[in-house]
>>> print(open('upload26.csv').read())   # CSV, C-alpha atoms
chain,number,residue,atom,x,y,z
A,16,MET,CA,-59.0,61.7,42.9
A,17,PRO,CA,-56.3,64.1,41.8
A,18,HIS,CA,-55.8,67.1,43.9
A,19,PRO,CA,-56.3,70.3,41.9
A,20,ALA,CA,-53.6,72.2,43.8
A,21,PHE,CA,-50.9,69.5,43.0
A,22,SER,CA,-49.0,69.2,39.7
A,23,ASP,CA,-49.7,66.2,37.4
A,24,GLU,CA,-46.4,64.7,38.5
A,25,VAL,CA,-47.3,64.9,42.2
A,26,ASN,CA,-50.7,63.5,41.6
A,27,ARG,CA,-49.2,60.6,39.5
A,28,ASN,CA,-46.7,59.9,42.4
A,29,ILE,CA,-49.5,59.8,44.9
A,30,ALA,CA,-51.5,57.4,42.8
A,31,GLN,CA,-48.5,55.2,42.1
A,32,SER,CA,-47.7,55.0,45.9
A,33,GLU,CA,-51.2,53.7,46.4
A,34,ILE,CA,-50.7,51.0,43.7
A,35,GLU,CA,-47.2,50.0,44.9
A,36,GLY,CA,-48.3,49.8,48.5
A,37,GLY,CA,-46.4,50.2,51.7
A,38,VAL,CA,-46.7,50.4,55.5
A,39,CYS,CA,-48.1,53.2,57.6
A,40,LEU,CA,-46.1,53.1,60.8
A,41,ASP,CA,-49.0,54.7,62.8
A,42,LYS,CA,-51.1,51.6,62.0
A,43,LEU,CA,-48.5,49.2,63.4
A,44,SER,CA,-48.3,48.1,67.0
A,45,GLU,CA,-45.3,49.1,69.1
A,46,GLY,CA,-42.6,46.4,68.6
A,47,ALA,CA,-43.7,45.4,65.1
A,48,VAL,CA,-40.7,44.5,63.0
A,49,LEU,CA,-40.3,45.4,59.3
A,50,GLN,CA,-37.8,44.0,56.9
A,51,VAL,CA,-37.3,46.7,54.2
A,52,GLU,CA,-35.2,46.1,51.1
A,53,THR,CA,-33.9,49.1,49.2
A,54,GLN,CA,-31.8,49.1,46.1
A,55,HIS,CA,-28.6,48.9,48.1
A,56,HIS,CA,-29.4,47.5,51.6
A,57,TRP,CA,-31.7,45.4,53.8
A,58,TYR,CA,-33.0,47.3,56.8
A,59,THR,CA,-34.7,46.0,59.9
A,60,ILE,CA,-37.0,48.6,61.5
A,61,VAL,CA,-38.6,48.1,64.9
A,62,ASN,CA,-41.6,50.4,65.4
A,63,ARG,CA,-41.6,52.3,68.7
A,64,SER,CA,-44.7,54.4,67.8
A,65,GLY,CA,-45.1,58.0,66.8
A,66,GLY,CA,-42.4,57.8,64.1
A,67,ASP,CA,-39.8,56.6,66.6
A,68,ALA,CA,-38.0,53.4,65.7
A,69,LEU,CA,-34.9,51.3,65.9
A,70,ILE,CA,-33.2,50.8,62.5
A,71,SER,CA,-30.3,48.7,61.4
A,72,GLY,CA,-28.9,47.5,58.1
A,73,HIS,CA,-26.6,50.2,56.7
A,74,PRO,CA,-22.9,49.4,57.2
A,75,ASN,CA,-22.0,53.0,58.0
A,76,TYR,CA,-25.0,54.7,59.5
A,77,CYS,CA,-26.7,51.9,61.4
A,78,PRO,CA,-24.8,48.6,61.4
A,79,GLU,CA,-26.4,47.9,64.8
A,80,PRO,CA,-29.9,49.1,65.9
A,81,VAL,CA,-30.0,52.9,66.3
A,82,PRO,CA,-32.9,54.9,67.7
A,83,VAL,CA,-34.2,57.2,64.9
A,84,ARG,CA,-37.3,59.2,64.0
A,85,ILE,CA,-38.8,58.1,60.7
A,86,ALA,CA,-40.1,61.1,58.9
A,87,GLY,CA,-41.7,59.0,56.1
A,88,SER,CA,-41.1,58.4,52.4
A,89,THR,CA,-40.4,60.7,49.5
A,90,TRP,CA,-40.2,60.4,45.7
A,91,GLY,CA,-36.8,62.2,45.8
A,92,GLY,CA,-38.1,65.8,46.2
A,93,PHE,CA,-39.5,67.8,49.1
A,94,MET,CA,-42.9,66.2,49.4
A,95,LEU,CA,-43.0,63.6,52.1
A,96,LYS,CA,-45.6,60.9,52.9
A,97,LEU,CA,-45.5,61.1,56.7
A,98,ARG,CA,-44.5,58.0,58.7
A,99,TYR,CA,-45.1,55.8,55.7
A,100,ILE,CA,-42.6,53.3,54.1
A,101,GLY,CA,-43.6,52.9,50.4
A,102,ARG,CA,-42.3,50.7,47.6
A,103,GLY,CA,-40.6,52.7,44.9
A,104,MET,CA,-40.0,55.5,47.4
A,105,HIS,CA,-37.1,56.7,49.5
A,106,VAL,CA,-37.3,56.3,53.3
A,107,GLU,CA,-36.2,59.5,55.2
A,108,PHE,CA,-35.2,59.3,58.8
A,109,CYS,CA,-33.4,61.5,61.4
A,110,HIS,CA,-30.3,59.8,62.8
A,111,PRO,CA,-28.9,61.1,66.1
A,112,THR,CA,-25.4,61.5,64.6
A,113,TYR,CA,-25.8,61.9,60.9
A,114,HIS,CA,-29.1,63.8,61.0
A,115,THR,CA,-31.3,63.4,57.9
A,116,ILE,CA,-30.7,60.3,55.9
A,117,THR,CA,-32.6,59.3,52.8
A,118,THR,CA,-32.3,55.7,51.6
A,119,SER,CA,-32.1,54.4,48.0
A,120,ARG,CA,-35.5,53.4,46.6
A,121,VAL,CA,-37.5,50.7,48.4
A,122,VAL,CA,-37.5,47.7,46.0
A,123,GLU,CA,-40.7,46.8,44.4
A,124,SER,CA,-39.9,43.1,43.8
A,125,GLY,CA,-42.6,41.1,45.5
A,126,PRO,CA,-43.9,41.5,49.0
A,127,ARG,CA,-40.7,42.7,50.6
A,128,LEU,CA,-42.1,44.9,53.3
A,129,GLU,CA,-42.9,42.1,55.7
A,130,ARG,CA,-44.3,42.3,59.2
A,131,THR,CA,-42.6,39.7,61.3
A,132,SER,CA,-43.0,38.5,64.8
A,133,PRO,CA,-42.3,41.1,67.6
A,134,ALA,CA,-40.6,38.1,69.3
A,135,LEU,CA,-37.6,38.7,67.0
A,136,ASN,CA,-37.1,42.0,68.9
A,137,GLY,CA,-37.0,40.2,72.2
A,138,ALA,CA,-40.4,41.7,73.2
>>> encode(input="upload26.csv", output="structure tokens")
Amino acid sequence: MPHPAFSDEVNRNIAQSEIEGGVCLDKLSEGAVLQVETQHHWYTIVNRSGGDALISGHPNYCPEPVPVRIAGSTWGGFMLKLRYIGRGMHVEFCHPTYHTITTSRVVESGPRLERTSPALNGA
């Protein structure tokens, strides 16, 4: 149902995020590994719970796993879907050195948000 306090654009974005799908980090076990493809990079995210994660995949910001806090996903504005990684959205995370980083759009092509074995993390 559209929310009466939100604009038509915001309500459309919320509905589209439900159609596109994604992953709520709070529903993943600690150590779960996600492979996330954006328009420009492939990221590996290891869930540490409560929005904390290890992320790698960007040649400048995180070529090796870096502990970050994943805020969630955005459509490019100020509205954020908390601790959620959604197709067609931008992932926003807090980096210990570079502070807030927003990725390019998460690619919609096929089931690219894949949960893989925690054994890949060495857990």
>>> closest_residue(input="upload26.csv", among="A:Val51, A:Leu43, A:Ile29, A:Ile100", to="Gly72 in chain A", atoms="all atoms listed in the file")
A:Val51
>>> closest_residue(input="upload26.csv", among="A:Phe93, A:Tyr58, A:Phe21, A:Tyr76", to="Val122 in chain A", atoms="all atoms listed in the file")
A:Tyr58
>>> closest_residue(input="upload26.csv", among="A:Met16, A:Leu97, A:Val25, A:Val61", to="Pro82 in chain A", atoms="only C-alpha atoms")
A:Val61
>>> closest_residue(input="upload26.csv", among="A:Cys109, A:Ile70, A:Met104, A:Leu49", to="Gln31 in chain A", atoms="all atoms listed in the file")
A:Met104
>>> closest_residue(input="upload26.csv", among="A:Leu95, A:Ile116, A:Ile60, A:Val121", to="Val81 in chain A", atoms="only C-alpha atoms")
A:Ile60
>>> residues_near_point(input="upload26.csv", point="(-37.4, 51.6, 71.6)", cutoff="10 Å", atoms="all atoms listed in the file", output="MDAnalysis selection string")
chainID A and resid 45:46 61:64 67:69 80:83 136
>>> atom_distance(input="upload26.csv", atom1="CA of His73 in chain A", atom2="CA of Glu33 in chain A")
26.9 Å
>>> atom_distance(input="upload26.csv", atom1="CA of Gly87 in chain A", atom2="CA of Phe108 in chain A")
7.0 Å
>>> atom_distance(input="upload26.csv", atom1="CA of Arg84 in chain A", atom2="CA of Glu24 in chain A")
27.6 Å
>>> closest_residue(input="upload26.csv", among="A:Arg27, A:Thr53, A:Pro74, A:Glu79", to="Thr117 in chain A", atoms="all atoms listed in the file")
A:Thr53
